[in-house]
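Colleague: Quick one: this structure, given as structure tokens, is what I'll be asking you about.
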4 protein chains.
Amino acid sequence: MIIHSFTNDYSEGCHPAVLQALAHTNLEQQTGYGEDEYSLRAASTLRTLIGKPDADVYFVAGGTLANLLVLSSVLKPFESVISAETGHINTHEAGAIEATGHKVEAIISPDGKLCPEDIQPLLDKFPLYHTVRPRVVYISNSTEIGTIYTKMELTELSEFCRTNDLILFMDGARLPSAVTAHSNELTLADIARLTDVFYLGGTKCGALFGEAVVITNDALKKDFPYHQKQRGAMLAKGRSLGVQFDALLQDNLIFDLARHANEMAVKISHALKVKGHHNFLTDSDTNQIFPVLHYRTINELQKRYGFYVWEHINEEEAAVRIVTSWATPEEKIDAFIADLERNL
Amino acid sequence: MIIHSFTNDYSEGCHPAVLQALAHTNLEQQTGYGEDEYSLRAASTLRTLIGKPDADVYFVAGGTLANLLVLSSVLKPFESVISAETGHINTHEAGAIEATGHKVEAIISPDGKLCPEDIQPLLDKFPLYHTVRPRVVYISNSTEIGTIYTKMELTELSEFCRTNDLILFMDGARLPSAVTAHSNELTLADIARLTDVFYLGGTKCGALFGEAVVITNDALKKDFPYHQKQRGAMLAKGRSLGVQFDALLQDNLIFDLARHANEMAVKISHALKVKGHHNFLTDSDTNQIFPVLHYRTINELQKRYGFYVWEHINEEEAAVRIVTSWATPEEKIDAFIADLERNL
Amino acid sequence: MIIHSFTNDYSEGCHPAVLQALAHTNLEQQTGYGEDEYSLRAASTLRTLIGKPDADVYFVAGGTLANLLVLSSVLKPFESVISAETGHINTHEAGAIEATGHKVEAIISPDGKLCPEDIQPLLDKFPLYHTVRPRVVYISNSTEIGTIYTKMELTELSEFCRTNDLILFMDGARLPSAVTAHSNELTLADIARLTDVFYLGGTKCGALFGEAVVITNDALKKDFPYHQKQRGAMLAKGRSLGVQFDALLQDNLIFDLARHANEMAVKISHALKVKGHHNFLTDSDTNQIFPVLHYRTINELQKRYGFYVWEHINEEEAAVRIVTSWATPEEKIDAFIADLERNL
Amino acid sequence: MIIHSFTNDYSEGCHPAVLQALAHTNLEQQTGYGEDEYSLRAASTLRTLIGKPDADVYFVAGGTLANLLVLSSVLKPFESVISAETGHINTHEAGAIEATGHKVEAIISPDGKLCPEDIQPLLDKFPLYHTVRPRVVYISNSTEIGTIYTKMELTELSEFCRTNDLILFMDGARLPSAVTAHSNELTLADIARLTDVFYLGGTKCGALFGEAVVITNDALKKDFPYHQKQRGAMLAKGRSLGVQFDALLQDNLIFDLARHANEMAVKISHALKVKGHHNFLTDSDTNQIFPVLHYRTINELQKRYGFYVWEHINEEEAAVRIVTSWATPEEKIDAFIADLERNL
């Protein structure tokens, strides 16, 4: 019998404070399309948090929608976006970016991150106008495999992009988790300063659904609502998103939730390392960890826990993905660790 | 001071039963992407309601997204969709359908409805392969101007479509309002039988957000989730939609809510007619009415109520749009009627 | 037995001077992709002709390709193009513009031309970002129904566009015919000055195929070759187009050919008017005329001549389309007139 | 001084027989849009040649246009095309395929060819509807780097595609060169039988421009002219293509021309091998060869001949691309060989 699922970080609903805010504001009449007072206040709070009083903030229903909306609003028809091969837009969005007309240029990267050396060869391609022209660098933080950018890494990438007239776009579906990781060096303000556009994910951190898109580069702000409307990414009841983010941003709730999720995952990693097990697919202290385990261990654990076998390593071992969330109870972690240790 | 807004039917939040359902199920772990038990149960309830046990049901975040998703999944690149000129896809979706590559062929229709005689000329166009080929007939019920289809109208249109190999798609953003109108003759089962695909709108009738897309034509079912994912129309936390529709479909709650909205609007129409005022832009007993009023009446009313001036008629008069919702309190209607009568 | 076809102006091959130029230059090695010396020289000749030394000139294979290329290079995703309902892009391009993602907003116009009063209402639409935003005004000269713009008409339209930040794009598939019509007041230089981008059609006036796209608005020039390449509108052997236009532009050959075509059509119109027949669908002195004839006349003529019945007028009459070309022999015109007069 | 260019195979015009055919048929009136008698006859000749009396044949202006037309007509929005990383659609078409909405999935392949083992991993991706679904396998023959498919290779690939419900599409921009190479084992009939759709390139083998698209899979035939029209790939004067292919297919002229081109390239390869120089980037006996030469040799040769330095190998050496054509004079080859030997 499955006693807990570590399959993903969107198995539960939303934090109770979000539900309370929805209930509390429910019968007020509000303007539609994101112009309600809660959306405006949440946007204002976020601007303060990132130290960018002029940033534009939009709330959209999900990550794929945020990605395709931002990229299709930025790119000209012949321009491409560069992504790590593991990038969500390159793998698990059913070709959403290409469906808006743009090539995703994928770069192999074992840690799921991009650096200037990865990108330079794409800029050196000959000849003019026969190839697509790279215009956006898409990164995820935390990445799809749990890693995060150091301050030096993001700074170098940002400088490289500005030197080469490239837009830097951070998919922040798990940004709350990234900036609250133990090893994290980046503030939200750093991220707002070093990127041109990013989003802060609510779906995977305490909201029923929703991502907050933040545009800091002035050149990208114009006409964004037209794109948002056209892609079906503007809710009539925009308040449904605004009220949630307004609640999540009060007293940094969203970050406290993310920190809890990280701690739960790290507790598992730590337990493994204490037992001398140091074999992980990637080095992560966020809410996704990828230990490499024997198949017999995996088989035993799968009797009581849900999780993905992520990558076959050899005949004896595979990397699994264990994901925790803001709602993961510590006693489930303790139970999992006990079961894990028993079966190592 | 504005004491009530009749600007639209999405100014308030959701029905309390929806919030309760969200709260009640909140911490359960559920499968993502619409495969949670609440989405499955809501789909099943809906299938029963329409008498189509094989129908496919999908929940998406909003109307524009539902429209672009359905149409882009049905149409080949060179195929077009026929719409009344007032159709939402032709006017207020910022070119969302064209952005997926398809022409909207608009037909002038004073009552916002389509009939076979409107469509035949588009089928008679010469010559082959130089023009787009009409493939979908898009109708709204209730329409954007408050009218509804009679059983004969929908039956004739359905037969015409089947004879001419056209797909009939009903935008049901306000379908709950249509099927509960006093003059309505159509059951949901009729609609499911006479169309190929339709949706039942939650955003405008008791949900925080969400539309339930129902596909009854087998030929349109295949691969729909791929399209849904690609357009950013598949929520990771699909439960956020499923729980809401599960609550709204219990004991026909959604239809009770729609009936209330209709009655509130009709009360205003009735009051006008009792006073001898029979001038309306369209004949509506749904939750949107369009009385033609003197500008001085309009100006007086706008001091205390929110609503749109919909269409300039002449130097003295304009049609206004008054929209009621599931949440409209009867005392606001009474106050409005009193103010209206005072200023006629 | 059909002795001559007046069905269109692309039934014959190319002017002999074009074939000679192709033969004469055939074995020279030339650079590809439109950078051969003949393309460069033809572009230069055209720049001189229009008095715009900085204009960008590109040669593409056909009219639909030119239209979709220009429009998709100019428009942002949510922007629309305004066209007369009879405009080629709105009727006979199988949805080519929509396939690049853009709405064509069609305006009913009996003479196939647009004026500021037609366009203003589209600019007045409310509200922001829910509708598409008109950005390009597309006109054809001569139009699809044979009419041409006067200098005042084009000047007023141009001024209106500049005042309203609209791009004016002239489809010149039959521009040689327009500027050589007896009633024409516009020089090529006027057209280059009053529009932002236009093309000069070769397919319908002496070439095997090909249109010369001329961009005079600096803002539209950047990156055009990327768009051209991406749409498949850049020939590897660009010389095949360059050599043809180089020949057609020498000593104004292309305009002499157009003048001949016009004169042949006008001879027919004149003959009808001399006989007291003044009923035409449109007022044209270009190479397309649309006389309204009795069906019995039409039936008799169709035994010996090819042409389209363009529009059913009433039970007795229809408008037909008679098209002449650079290659139409005057004796065929004379024979046609004789047959026509015999059957009026 | 440059005495000859080996930069590409489209530097010259067309074979004199093509010009003669254009001249001979020039003033005949013919039906437009590819329904002229020459297009019909050329299609018929091609059908006989490939032994497929039911094949559909269309003539289009260029290779990129043929590729984007075929792929966008075959693929549903969420379906992808698999290509070698060196495939023309993946590199030198400025994102033309993605602009029609589809992902190109690129596979690294040193010889530019694809085999079942390359493709299987893409079919094994999990999970359903989150990823694109591969649908077309795109191959070039000869490839962009001069190699050709053996009969066993193409047979295995064809069987794999049919087993896995994949469409096999051969880019035949240089197919005449492939099937006349000394090492070739495949007839045109083999290719027509083993693929679902392919094209025979004229631009690079004796035509002014043009590719003949051949569809043998019945499921892909329907509605193709709509796609062709919509993409701007249907010439009004379709005869301009039909007459050329009619001439090139008479007495197998196009293949004789290709054989000459191959022999000219092979003569250079042979001369190098006789001198003990066996270092080539790929193993080619088609009209593109890629010898690896010292930079000092390259620099000397570039004083008198045009060609691309294709790939930097090390500080001393690079691979160059030498391309011959139907029009390459043997004396230029002899001169080049003499210069090459002098500078090895």
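Please note that chains go A, B, ... in the order of the structure tokens, that every chain numbers its residues from 1, and that ligands are numbered from 1 in the order shown.
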Could you list, as a compact mmCIF listing (two decimals) with C-alpha atoms, in the first residue's frame, every residue of chain A that has an atom within 9 Å of an atom of chain D, counting only C-alpha atoms?
Modeller:
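Resulting contents of iface28.txt:
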# COMPACT_ATOMS: atom_id res chain seq x y z
CA PRO A 77 9.86 34.66 -36.33
CA PHE A 78 13.43 33.70 -37.26
CA GLU A 79 14.87 33.93 -33.76
CA SER A 80 15.60 30.92 -31.55
CA ASN A 90 12.82 21.21 -24.77
CA THR A 91 11.37 18.08 -23.27
CA HIS A 92 8.04 18.16 -21.48
CA GLU A 93 5.93 20.80 -23.17
CA ALA A 94 4.83 18.82 -26.22
CA GLY A 95 6.53 21.27 -28.57
CA ALA A 96 4.75 24.32 -27.15
CA ILE A 97 7.52 26.72 -28.16
CA GLU A 98 7.86 25.35 -31.68
CA ALA A 99 4.07 25.62 -31.99
CA THR A 100 4.52 29.38 -31.66
CA GLY A 101 7.03 29.19 -34.52
CA HIS A 102 10.42 29.14 -32.85
CA LYS A 103 13.34 26.74 -32.76
CA VAL A 104 14.63 25.53 -29.41
CA PRO A 127 26.25 32.12 -42.51
CA TYR A 129 20.21 34.53 -42.67
CA HIS A 130 20.45 30.84 -43.59
CA THR A 131 20.34 29.82 -39.95
CA VAL A 132 18.06 30.89 -37.11
CA ARG A 133 19.45 33.67 -34.96
Colleague: Looking only at the backbone, which of the residues in segment 10-122 of chain A does DSSP tag as alpha helix (DSSP H), as a VMD selection string?
Modeller: chain A and resid 16 to 24 37 to 50 63 to 74 88 to 91 96 to 99 116 to 122
Colleague: Could you write out that same residue set with C-alpha atoms as a PDB file, in the first residue's frame?
Modeller:
ATOM      1  CA  PRO A  16      -4.450  27.062   4.061  1.00  0.00           C
ATOM      2  CA  ALA A  17      -3.626  30.789   4.088  1.00  0.00           C
ATOM      3  CA  VAL A  18      -4.357  30.860   0.372  1.00  0.00           C
ATOM      4  CA  LEU A  19      -7.749  29.278   0.872  1.00  0.00           C
ATOM      5  CA  GLN A  20      -8.492  31.730   3.666  1.00  0.00           C
ATOM      6  CA  ALA A  21      -7.632  34.672   1.435  1.00  0.00           C
ATOM      7  CA  LEU A  22      -9.866  33.326  -1.316  1.00  0.00           C
ATOM      8  CA  ALA A  23     -12.711  32.913   1.171  1.00  0.00           C
ATOM      9  CA  HIS A  24     -12.134  36.278   2.786  1.00  0.00           C
ATOM     10  CA  GLU A  37      -6.759  45.216  -6.235  1.00  0.00           C
ATOM     11  CA  TYR A  38      -5.212  41.920  -5.092  1.00  0.00           C
ATOM     12  CA  SER A  39      -3.336  41.376  -8.320  1.00  0.00           C
ATOM     13  CA  LEU A  40      -2.150  44.966  -8.148  1.00  0.00           C
ATOM     14  CA  ARG A  41      -1.062  44.596  -4.534  1.00  0.00           C
ATOM     15  CA  ALA A  42       0.682  41.291  -5.124  1.00  0.00           C
ATOM     16  CA  ALA A  43       2.526  42.841  -8.065  1.00  0.00           C
ATOM     17  CA  SER A  44       3.524  45.765  -5.891  1.00  0.00           C
ATOM     18  CA  THR A  45       4.795  43.484  -3.120  1.00  0.00           C
ATOM     19  CA  LEU A  46       6.829  41.529  -5.627  1.00  0.00           C
ATOM     20  CA  ARG A  47       8.326  44.706  -7.085  1.00  0.00           C
ATOM     21  CA  THR A  48       9.439  45.753  -3.627  1.00  0.00           C
ATOM     22  CA  LEU A  49      10.871  42.330  -2.928  1.00  0.00           C
ATOM     23  CA  ILE A  50      13.043  42.431  -6.033  1.00  0.00           C
ATOM     24  CA  GLY A  63       4.416  27.049 -16.359  1.00  0.00           C
ATOM     25  CA  THR A  64       4.047  25.884 -19.959  1.00  0.00           C
ATOM     26  CA  LEU A  65       1.688  28.768 -20.614  1.00  0.00           C
ATOM     27  CA  ALA A  66       4.164  31.199 -19.015  1.00  0.00           C
ATOM     28  CA  ASN A  67       7.020  29.819 -21.109  1.00  0.00           C
ATOM     29  CA  LEU A  68       5.223  29.940 -24.435  1.00  0.00           C
ATOM     30  CA  LEU A  69       3.772  33.359 -23.661  1.00  0.00           C
ATOM     31  CA  VAL A  70       7.076  34.959 -22.710  1.00  0.00           C
ATOM     32  CA  LEU A  71       9.057  33.415 -25.538  1.00  0.00           C
ATOM     33  CA  SER A  72       6.527  34.140 -28.265  1.00  0.00           C
ATOM     34  CA  SER A  73       6.279  37.735 -27.058  1.00  0.00           C
ATOM     35  CA  VAL A  74      10.040  38.239 -27.222  1.00  0.00           C
ATOM     36  CA  HIS A  88      11.397  21.894 -19.650  1.00  0.00           C
ATOM     37  CA  ILE A  89      10.665  23.719 -22.905  1.00  0.00           C
ATOM     38  CA  ASN A  90      12.823  21.208 -24.767  1.00  0.00           C
ATOM     39  CA  THR A  91      11.368  18.078 -23.273  1.00  0.00           C
ATOM     40  CA  ALA A  96       4.750  24.322 -27.152  1.00  0.00           C
ATOM     41  CA  ILE A  97       7.518  26.718 -28.164  1.00  0.00           C
ATOM     42  CA  GLU A  98       7.860  25.354 -31.676  1.00  0.00           C
ATOM     43  CA  ALA A  99       4.072  25.621 -31.995  1.00  0.00           C
ATOM     44  CA  PRO A 116      28.841  31.107 -21.803  1.00  0.00           C
ATOM     45  CA  GLU A 117      31.093  28.382 -23.221  1.00  0.00           C
ATOM     46  CA  ASP A 118      27.998  26.342 -24.071  1.00  0.00           C
ATOM     47  CA  ILE A 119      26.432  29.183 -25.988  1.00  0.00           C
ATOM     48  CA  GLN A 120      29.353  30.729 -27.872  1.00  0.00           C
ATOM     49  CA  PRO A 121      29.455  28.031 -30.607  1.00  0.00           C
ATOM     50  CA  LEU A 122      25.841  28.743 -31.526  1.00  0.00           C
TER      51      LEU A 122
END
Colleague: Skipping near chain neighbours, those fewer than 5 positions away, what residues fall within 6 Å of segment 265-267 of chain C using only C-alpha atoms, listed as number ranges by chain?
Modeller: C: 285, 287, 324
Colleague: Segment 84-283 of chain A: which residues are strand (DSSP E or B) by DSSP, as a VMD selection string?
Modeller: chain A and resid 84 104 to 107 133 to 140 167 to 171 197 to 201 211 to 215 280
Colleague: Rounded to one decimal place, report the atom CA of Glu317 of chain C-atom CA of Gln302 of chain C distance in Å.
Modeller: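 Atom-to-atom, atom CA of Glu317 of chain C to atom CA of Gln302 of chain C, that is 14.6 Å.
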Colleague: From the list B:Asn26, B:Ser240, B:Thr7, B:Ser140, which residue is nearest Ala178 of chain B when using only C-alpha atoms?
Modeller: B:Ser140
Colleague: Residues near Ala233 of chain C, anyone? I mean within 10 Å using only C-alpha atoms, not counting same-chain ones fewer than 2 positions away, as a list in words.
Modeller: Tyr33, Tyr58, Phe59, Val60, Ala61, Gly62, Leu65, Ala66, Leu68, Leu69, Pro225, Tyr226, His227, Gln228, Lys229, Gln230, Arg231, Leu235 and Ala236 of chain C; Ala61, Gly62, Thr64, Leu65, Arg231, Gly232 and Ala233 of chain D
Colleague: Write the residues you've just listed into a file as a short mmCIF file (atom, residue, chain, number, x, y, z; two decimals), in the first residue's frame, and include N, CA, C and O atoms for each of them.
Modeller:
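Below is the file again30.cif, written as the result:
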data_model
loop_
_atom_site.label_atom_id
_atom_site.label_comp_id
_atom_site.auth_asym_id
_atom_site.auth_seq_id
_atom_site.Cartn_x
_atom_site.Cartn_y
_atom_site.Cartn_z
N TYR C 33 21.45 33.20 -54.13
CA TYR C 33 20.60 33.85 -53.13
C TYR C 33 20.32 35.33 -53.39
O TYR C 33 20.17 36.12 -52.47
N TYR C 58 13.94 43.05 -53.21
CA TYR C 58 14.07 41.59 -53.17
C TYR C 58 13.16 40.99 -54.24
O TYR C 58 12.06 41.47 -54.45
N PHE C 59 13.64 39.93 -54.88
CA PHE C 59 12.83 39.27 -55.90
C PHE C 59 12.32 37.95 -55.35
O PHE C 59 13.10 37.14 -54.84
N VAL C 60 11.01 37.75 -55.46
CA VAL C 60 10.45 36.48 -54.97
C VAL C 60 9.59 35.84 -56.06
O VAL C 60 9.18 36.49 -57.02
N ALA C 61 9.29 34.54 -55.86
CA ALA C 61 8.76 33.74 -56.97
C ALA C 61 7.32 34.04 -57.34
O ALA C 61 6.92 33.83 -58.48
N GLY C 62 6.49 34.51 -56.40
CA GLY C 62 5.08 34.72 -56.75
C GLY C 62 4.38 35.66 -55.79
O GLY C 62 4.94 36.06 -54.76
N LEU C 65 3.37 34.33 -52.15
CA LEU C 65 4.60 34.25 -51.38
C LEU C 65 5.07 35.64 -50.97
O LEU C 65 5.48 35.86 -49.82
N ALA C 66 4.98 36.60 -51.89
CA ALA C 66 5.36 37.98 -51.57
C ALA C 66 4.46 38.53 -50.47
O ALA C 66 4.93 39.17 -49.52
N LEU C 68 2.61 36.93 -48.13
CA LEU C 68 2.79 36.32 -46.80
C LEU C 68 4.14 36.67 -46.22
O LEU C 68 4.29 36.84 -44.99
N LEU C 69 5.13 36.80 -47.07
CA LEU C 69 6.48 37.17 -46.62
C LEU C 69 6.49 38.58 -46.05
O LEU C 69 6.95 38.83 -44.92
N PRO C 225 16.03 39.46 -45.09
CA PRO C 225 16.48 38.19 -45.69
C PRO C 225 16.25 36.97 -44.79
O PRO C 225 16.06 35.86 -45.30
N TYR C 226 16.26 37.15 -43.47
CA TYR C 226 15.93 36.02 -42.59
C TYR C 226 14.50 35.54 -42.85
O TYR C 226 14.22 34.35 -42.96
N HIS C 227 13.59 36.50 -42.91
CA HIS C 227 12.20 36.13 -43.18
C HIS C 227 12.08 35.45 -44.55
O HIS C 227 11.38 34.46 -44.72
N GLN C 228 12.78 36.04 -45.52
CA GLN C 228 12.72 35.52 -46.89
C GLN C 228 13.20 34.07 -46.94
O GLN C 228 12.55 33.20 -47.53
N LYS C 229 14.32 33.83 -46.29
CA LYS C 229 14.85 32.46 -46.26
C LYS C 229 13.87 31.53 -45.55
O LYS C 229 13.57 30.43 -46.01
N GLN C 230 13.35 31.97 -44.39
CA GLN C 230 12.50 31.10 -43.58
C GLN C 230 11.20 30.71 -44.28
O GLN C 230 10.67 29.63 -44.07
N ARG C 231 10.67 31.61 -45.11
CA ARG C 231 9.42 31.31 -45.80
C ARG C 231 9.64 30.56 -47.11
O ARG C 231 8.69 30.39 -47.89
N LEU C 235 15.43 32.07 -53.57
CA LEU C 235 15.88 31.04 -54.50
C LEU C 235 17.40 30.90 -54.44
O LEU C 235 18.12 31.90 -54.41
N ALA C 236 17.89 29.65 -54.43
CA ALA C 236 19.33 29.44 -54.54
C ALA C 236 19.85 30.11 -55.82
O ALA C 236 20.78 30.89 -55.79
N ALA D 61 9.04 25.72 -56.28
CA ALA D 61 10.13 26.57 -56.73
C ALA D 61 11.49 26.27 -56.11
O ALA D 61 12.52 26.56 -56.71
N GLY D 62 11.54 25.73 -54.89
CA GLY D 62 12.85 25.51 -54.28
C GLY D 62 12.80 24.50 -53.16
O GLY D 62 11.72 24.03 -52.75
N THR D 64 13.80 24.61 -49.79
CA THR D 64 13.25 24.98 -48.48
C THR D 64 11.73 25.01 -48.55
O THR D 64 11.04 24.53 -47.64
N LEU D 65 11.22 25.55 -49.63
CA LEU D 65 9.77 25.60 -49.82
C LEU D 65 9.19 24.19 -49.90
O LEU D 65 8.15 23.90 -49.29
N ARG D 231 1.05 27.97 -48.72
CA ARG D 231 2.45 28.28 -48.43
C ARG D 231 3.10 29.12 -49.52
O ARG D 231 4.31 29.34 -49.50
N GLY D 232 2.32 29.56 -50.50
CA GLY D 232 2.90 30.34 -51.60
C GLY D 232 3.74 29.49 -52.52
O GLY D 232 4.62 29.99 -53.21
N ALA D 233 3.45 28.18 -52.55
CA ALA D 233 4.28 27.26 -53.33
C ALA D 233 3.59 26.78 -54.60
O ALA D 233 3.97 25.75 -55.16
#
Colleague: Could you tell me how far atom CA of Lys76 of chain A lies from atom CA of Phe224 of chain A, in Å and to one decimal?
Modeller: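 Separating atom CA of Lys76 of chain A from atom CA of Phe224 of chain A is a distance of 14.3 Å.
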Colleague: Could you check the closest approach to Leu344 of chain C for each of C:Arg296, C:His312, C:His15, C:Arg304 and tell me which residue wins, using only C-alpha atoms?
Modeller: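 Nearest candidate to Leu344 of chain C out of C:Arg296, C:His312, C:His15, C:Arg304: C:Arg296.
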Colleague: Go ahead and compute the interatomic distance for atom CA of Gly146 of chain C and atom CA of Gly201 of chain C, in Å to one decimal.
Modeller: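 So the answer is 14.9 Å.
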Colleague: Give me, as a PyMOL selection string, all polymer residues having an atom no more than 10 Å from Asn343 of chain C, counting only C-alpha atoms and skipping those fewer than 2 positions away in the same chain.
Modeller: chain C and resi 293-294+296-301+337-341
Colleague: Here is a test: counting only C-alpha atoms, which residue of B:Ala173, B:Ile82, B:Ile268, B:Ile322 is nearest to Phe307 of chain B?
Modeller: B:Ile322
Colleague: List as a list in words the protein and nucleic acid residues near Met170 of chain D, meaning an atom at most 7 Å away when only C-alpha atoms are counted, but skip any in the same chain fewer than 2 places from it.
Modeller: Tyr138, Ile139, Ser140, Asn141, Leu168, Gly172, Thr195, Val197, Phe198 and Tyr199 of chain D
Colleague: Residues at most 8 Å from Phe290 of chain B, counting only C-alpha atoms, excluding those fewer than 3 positions away in the same chain, as JSON, numbers by chain?
Modeller: {"B": [145, 280, 281, 282, 284, 310, 319, 320, 321, 322]}
Colleague: Give me a file of those residues, with all heavy atoms, as a CSV table (one decimal), in the first residue's frame.
Modeller:
chain,number,residue,atom,x,y,z
B,145,ILE,N,-24.6,38.5,-27.2
B,145,ILE,CA,-25.6,39.5,-27.0
B,145,ILE,C,-26.9,38.9,-26.4
B,145,ILE,O,-28.0,39.5,-26.5
B,145,ILE,CB,-25.9,40.3,-28.3
B,145,ILE,CG1,-26.1,39.3,-29.5
B,145,ILE,CG2,-24.7,41.2,-28.6
B,145,ILE,CD1,-26.4,40.1,-30.8
B,280,PHE,N,-35.2,47.1,-26.8
B,280,PHE,CA,-34.0,46.4,-26.4
B,280,PHE,C,-33.2,46.1,-27.7
B,280,PHE,O,-33.8,45.9,-28.7
B,280,PHE,CB,-34.3,45.1,-25.7
B,280,PHE,CG,-34.9,45.3,-24.3
B,280,PHE,CD1,-36.2,45.6,-24.2
B,280,PHE,CD2,-34.1,45.1,-23.2
B,280,PHE,CE1,-36.8,45.8,-22.9
B,280,PHE,CE2,-34.7,45.2,-21.9
B,280,PHE,CZ,-36.0,45.6,-21.8
B,281,LEU,N,-31.9,46.1,-27.6
B,281,LEU,CA,-31.0,45.7,-28.7
B,281,LEU,C,-31.3,44.3,-29.2
B,281,LEU,O,-31.4,44.0,-30.4
B,281,LEU,CB,-29.6,45.9,-28.4
B,281,LEU,CG,-28.6,45.8,-29.5
B,281,LEU,CD1,-28.7,47.0,-30.5
B,281,LEU,CD2,-27.1,45.7,-29.0
B,282,THR,N,-31.4,43.4,-28.3
B,282,THR,CA,-31.8,42.0,-28.6
B,282,THR,C,-32.8,41.5,-27.6
B,282,THR,O,-33.0,42.1,-26.5
B,282,THR,CB,-30.5,41.1,-28.5
B,282,THR,OG1,-30.1,41.1,-27.1
B,282,THR,CG2,-29.4,41.6,-29.4
B,284,SER,N,-33.6,39.1,-25.0
B,284,SER,CA,-32.8,38.2,-24.1
B,284,SER,C,-33.5,37.9,-22.8
B,284,SER,O,-34.0,38.8,-22.2
B,284,SER,CB,-31.5,38.8,-23.8
B,284,SER,OG,-30.9,38.2,-22.7
B,310,TRP,N,-23.0,49.9,-24.7
B,310,TRP,CA,-22.6,48.8,-25.7
B,310,TRP,C,-22.6,49.4,-27.1
B,310,TRP,O,-21.7,49.1,-27.9
B,310,TRP,CB,-23.6,47.7,-25.5
B,310,TRP,CG,-23.2,46.4,-26.3
B,310,TRP,CD1,-23.7,46.0,-27.4
B,310,TRP,CD2,-22.2,45.5,-25.8
B,310,TRP,NE1,-23.0,44.8,-27.8
B,310,TRP,CE2,-22.1,44.5,-26.8
B,310,TRP,CE3,-21.3,45.5,-24.7
B,310,TRP,CZ2,-21.2,43.5,-26.7
B,310,TRP,CZ3,-20.4,44.4,-24.6
B,310,TRP,CH2,-20.4,43.4,-25.6
B,319,ALA,N,-27.6,51.6,-26.6
B,319,ALA,CA,-27.9,50.4,-25.9
B,319,ALA,C,-26.9,50.2,-24.8
B,319,ALA,O,-25.7,50.4,-25.1
B,319,ALA,CB,-27.9,49.2,-26.9
B,320,VAL,N,-27.3,49.8,-23.6
B,320,VAL,CA,-26.3,49.5,-22.6
B,320,VAL,C,-26.3,47.9,-22.3
B,320,VAL,O,-27.3,47.3,-22.7
B,320,VAL,CB,-26.7,50.2,-21.3
B,320,VAL,CG1,-26.7,51.7,-21.5
B,320,VAL,CG2,-28.0,49.7,-20.7
B,321,ARG,N,-25.3,47.4,-21.7
B,321,ARG,CA,-25.3,46.0,-21.4
B,321,ARG,C,-25.3,45.9,-19.9
B,321,ARG,O,-24.5,46.5,-19.1
B,321,ARG,CB,-24.0,45.3,-21.9
B,321,ARG,CG,-24.0,43.8,-21.6
B,321,ARG,CD,-22.8,43.1,-22.1
B,321,ARG,NE,-21.6,43.3,-21.2
B,321,ARG,CZ,-20.6,42.4,-21.2
B,321,ARG,NH1,-20.5,41.4,-22.1
B,321,ARG,NH2,-19.6,42.7,-20.4
B,322,ILE,N,-26.3,45.2,-19.4
B,322,ILE,CA,-26.5,45.0,-17.9
B,322,ILE,C,-26.3,43.5,-17.7
B,322,ILE,O,-27.0,42.7,-18.3
B,322,ILE,CB,-27.9,45.3,-17.4
B,322,ILE,CG1,-28.2,46.8,-17.8
B,322,ILE,CG2,-28.1,45.0,-16.0
B,322,ILE,CD1,-27.4,47.8,-17.1
